[in-house]
Amino acid sequence: MYSPNVRIGDQIRRYRKTNGNRSQAAIAGLCGISVRYMSMIENNQRTPAPDLLSRFAVVLGVPVALLLSENATPKPKRFNSVTNDVSRALFGHVPAQNDTAISPAELRLRVERAWLSWQTSQTRFTEAERDLPPLIADVDCALHQVPSASDARARRENLRTAADLYGLLRSYCRRAGRPDLSAIVADRAIRAADDADDPVLMATARWNMGHVLLSDPREEAAEEAEEIALTAIEQIRRERSSPELTAMQGALELVAVVSEARRREWWKARNRLEKNAGLLATRAGESNVGRTVFGPTNVQLHRLSIEMLAGESAEALRLADQVDAQDLPSRERQFTFGLDVARCYDMRREDPAVFVHLLNLEELAPEDLARSPQALALVRGLLKRVRPTYRRQVTDLADRLGLS
């Protein structure tokens, strides 16, 4: 007997999508029914006979009991985690790929390629989880080689490469939901940059640590982020001026801006953004020094973020209309911009606009969407209040994200 409370069609559709995301036609063919009848079952207009239900269970790879259970849901996808191989490599449990030393130039090239993937690829998490463990092991091996006096230059190059790699790992670990590992690798980046005595990398490493602290919800962490940023800015001012250091000073000013905004010091944040970061962006132009994507466009994105955090959604959306983020060299930064716009529409309860922007984000960076707590919260909110006219589309998106 079927329970009258169980919507079997919903369960069949859910498992069809989560267990391989197969089409209705594929499942209907395997079960020996028409696509039309399959659609009627999934829409709960028809109830499958016991023998057909058994066929569905076999084809979908689930017990019949799950199709009959009112509360059964597929196990959520575990997106927010650092893979075991990456974490093992960070603690020295993955052997280096090569018995012989790898040249500094080759290590540098591999890190550059990893960064290019991380900033531009739609599947950047998949690629990072494949490429990072051996790269971490090889860089670590290079750092622990005992150099001769004549190898001082190679040692410095390896330290610079390591600092750059740890910066990538800071971003990866943070986005993968491991702030503890993010803090560890950010600290390693600082030590490597200081040992290399490279002013740009030293500033970049402090920028990375600032972002680790900004991801901590505690107000004192935001204060610490600002302190680190302002100290690094003072160090930059003692160096000989260069375009790279100008860009890094601007990026550090943005860390202080976000810190002030997190503490709801709106006037201070807006003032610092215009008088400090804005002027430096004009001088630096569009750049990607230290992988910070600092420049006039990034400053515009921060203007939008401040107004969003301040609850000024109308002003934030007005600013968004003035931004063209398509040419930014970072897919993540483009994603953050689109997410901020979606959050502004959510504040105004303009659900169709929220949904359209979420679909755009799925096309732009599907792996980021699946790992973003703010984006997932928007989807959950839509599920609760979505209108019938596009309920199925929202449910399908939630299914793809493992939320329903």
# chains A, B, ... in the order shown; residues from 1 in each chain; ligands from 1
$ residues_around --residues "Glu315 in chain A" --least-positions-apart "4" --cutoff "8 Å" --atoms "only C-alpha atoms" --output "number ranges by chain"
A: 304, 307, 319
$ write_last_selection --atoms "all heavy atoms" --output "JSON list (two decimals), in the first residue's frame"
[["chain", "number", "residue", "atom", "x", "y", "z"],
["A", 304, "LEU", "N", 29.62, 48.77, -4.77],
["A", 304, "LEU", "CA", 28.37, 48.01, -4.76],
["A", 304, "LEU", "C", 28.25, 47.20, -3.47],
["A", 304, "LEU", "O", 27.18, 47.19, -2.83],
["A", 304, "LEU", "CB", 28.34, 47.10, -5.98],
["A", 304, "LEU", "CG", 27.10, 46.25, -6.29],
["A", 304, "LEU", "CD1", 27.14, 45.79, -7.75],
["A", 304, "LEU", "CD2", 27.01, 45.02, -5.40],
["A", 307, "GLU", "N", 27.29, 49.26, -0.36],
["A", 307, "GLU", "CA", 25.89, 49.65, -0.32],
["A", 307, "GLU", "C", 24.99, 48.46, -0.03],
["A", 307, "GLU", "O", 23.98, 48.58, 0.69],
["A", 307, "GLU", "CB", 25.48, 50.32, -1.64],
["A", 307, "GLU", "CG", 26.28, 51.57, -1.98],
["A", 307, "GLU", "CD", 26.32, 52.59, -0.84],
["A", 307, "GLU", "OE1", 25.31, 52.73, -0.14],
["A", 307, "GLU", "OE2", 27.37, 53.23, -0.65],
["A", 319, "LEU", "N", 24.57, 51.18, -8.99],
["A", 319, "LEU", "CA", 26.01, 51.06, -9.25],
["A", 319, "LEU", "C", 26.31, 49.84, -10.12],
["A", 319, "LEU", "O", 27.20, 49.89, -10.98],
["A", 319, "LEU", "CB", 26.77, 50.95, -7.92],
["A", 319, "LEU", "CG", 26.77, 52.21, -7.05],
["A", 319, "LEU", "CD1", 27.33, 51.90, -5.67],
["A", 319, "LEU", "CD2", 27.60, 53.31, -7.73]]
$ select_by_dssp --residues "range 5-125 of chain A" --states "alpha helix (DSSP H)" --output "ChimeraX atom specification"
/A:8-18,24-31,35-42,50-60,64-68,84-90,104-120,124-125
$ closest_residue --among "A:Val86, A:Leu181, A:Ala105, A:Leu361" --to "Pro133 in chain A" --atoms "only C-alpha atoms"
A:Val86
$ residues_around --residues "Ala162 in chain A" --least-positions-apart "4" --cutoff "7 Å" --atoms "only C-alpha atoms" --output "PyMOL selection string"
chain A and resi 139+158+166+192
$ write_last_selection --atoms "N, CA and C atoms" --output "JSON list (two decimals), in the first residue's frame"
[["chain", "number", "residue", "atom", "x", "y", "z"],
["A", 139, "VAL", "N", 56.92, 21.47, -4.61],
["A", 139, "VAL", "CA", 57.40, 22.75, -4.09],
["A", 139, "VAL", "C", 57.98, 22.57, -2.70],
["A", 158, "ASN", "N", 62.56, 29.66, -5.57],
["A", 158, "ASN", "CA", 61.65, 28.64, -5.02],
["A", 158, "ASN", "C", 60.79, 29.22, -3.90],
["A", 166, "TYR", "N", 51.10, 29.23, -2.07],
["A", 166, "TYR", "CA", 50.33, 29.30, -0.83],
["A", 166, "TYR", "C", 49.20, 30.32, -0.94],
["A", 192, "ALA", "N", 57.31, 32.54, 3.56],
["A", 192, "ALA", "CA", 58.05, 32.36, 2.31],
["A", 192, "ALA", "C", 58.37, 33.70, 1.67]]
$ atom_distance --atom1 "CA of Ala281 in chain A" --atom2 "CA of Thr246 in chain A"
8.4 Å
$ atom_distance --atom1 "CA of Leu254 in chain A" --atom2 "CA of Arg272 in chain A"
8.3 Å
$ atom_distance --atom1 "CA of Asn288 in chain A" --atom2 "CA of Gly338 in chain A"
19.7 Å
$ residues_around --residues "Ala256 in chain A" --least-positions-apart "5" --cutoff "9 Å" --atoms "only C-alpha atoms" --output "JSON list (two decimals) with C-alpha atoms, in the first residue's frame"
[["chain", "number", "residue", "atom", "x", "y", "z"],
["A", 210, "GLY", "CA", 43.67, 39.93, 5.56],
["A", 222, "ALA", "CA", 37.78, 42.31, 10.93],
["A", 223, "GLU", "CA", 39.77, 44.72, 13.11],
["A", 225, "ALA", "CA", 42.42, 42.36, 9.05],
["A", 226, "GLU", "CA", 42.48, 46.15, 8.91],
["A", 227, "GLU", "CA", 45.53, 46.29, 11.18],
["A", 228, "ILE", "CA", 47.45, 43.85, 8.97],
["A", 229, "ALA", "CA", 46.47, 45.80, 5.85],
["A", 230, "LEU", "CA", 47.45, 49.19, 7.24],
["A", 261, "ALA", "CA", 32.07, 47.95, 6.23],
["A", 269, "ALA", "CA", 34.47, 52.71, 4.39],
["A", 272, "ARG", "CA", 38.60, 55.27, 2.31]]
$ closest_residue --among "A:Val58, A:Ile8, A:Ile136, A:Ile306" --to "Cys31 in chain A" --atoms "only C-alpha atoms"
A:Val58
$ closest_residue --among "A:Leu90, A:Ala137, A:Val62, A:Ala320" --to "Ile184 in chain A" --atoms "only C-alpha atoms"
A:Leu90
$ residues_around --residues "Asp140 in chain A" --least-positions-apart "6" --cutoff "10 Å" --atoms "only C-alpha atoms" --output "list in words"
Ala89, Leu90, Phe91, Gly92, Pro95, Ala96, Pro134, Asn158, Leu159 and Ala162 of chain A
$ write_last_selection --atoms "C-alpha atoms" --output "PDB file, in the first residue's frame"
ATOM      1  CA  ALA A  89      49.954  17.125   0.811  1.00  0.00           C
ATOM      2  CA  LEU A  90      49.825  20.233   2.986  1.00  0.00           C
ATOM      3  CA  PHE A  91      51.066  18.185   5.932  1.00  0.00           C
ATOM      4  CA  GLY A  92      53.794  16.390   3.992  1.00  0.00           C
ATOM      5  CA  PRO A  95      55.621  12.176  -1.875  1.00  0.00           C
ATOM      6  CA  ALA A  96      57.237  14.379  -4.488  1.00  0.00           C
ATOM      7  CA  PRO A 134      51.691  16.786  -6.514  1.00  0.00           C
ATOM      8  CA  ASN A 158      61.654  28.641  -5.017  1.00  0.00           C
ATOM      9  CA  LEU A 159      60.572  30.747  -2.042  1.00  0.00           C
ATOM     10  CA  ALA A 162      56.048  28.819  -2.774  1.00  0.00           C
TER      11      ALA A 162
END
$ residues_around --residues "Lys17 in chain A" --least-positions-apart "6" --cutoff "9 Å" --atoms "only C-alpha atoms" --output "VMD selection string"
chain A and resid 23 396 399 to 400
$ residues_around --residues "Leu279 in chain A" --least-positions-apart "4" --cutoff "10 Å" --atoms "only C-alpha atoms" --output "JSON, numbers by chain"
{"A": [250, 272, 273, 274, 275, 283, 284, 295, 296, 299]}
$ closest_residue --among "A:Glu253, A:Asp327, A:Thr292, A:Cys344" --to "Ala310 in chain A" --atoms "only C-alpha atoms"
A:Cys344
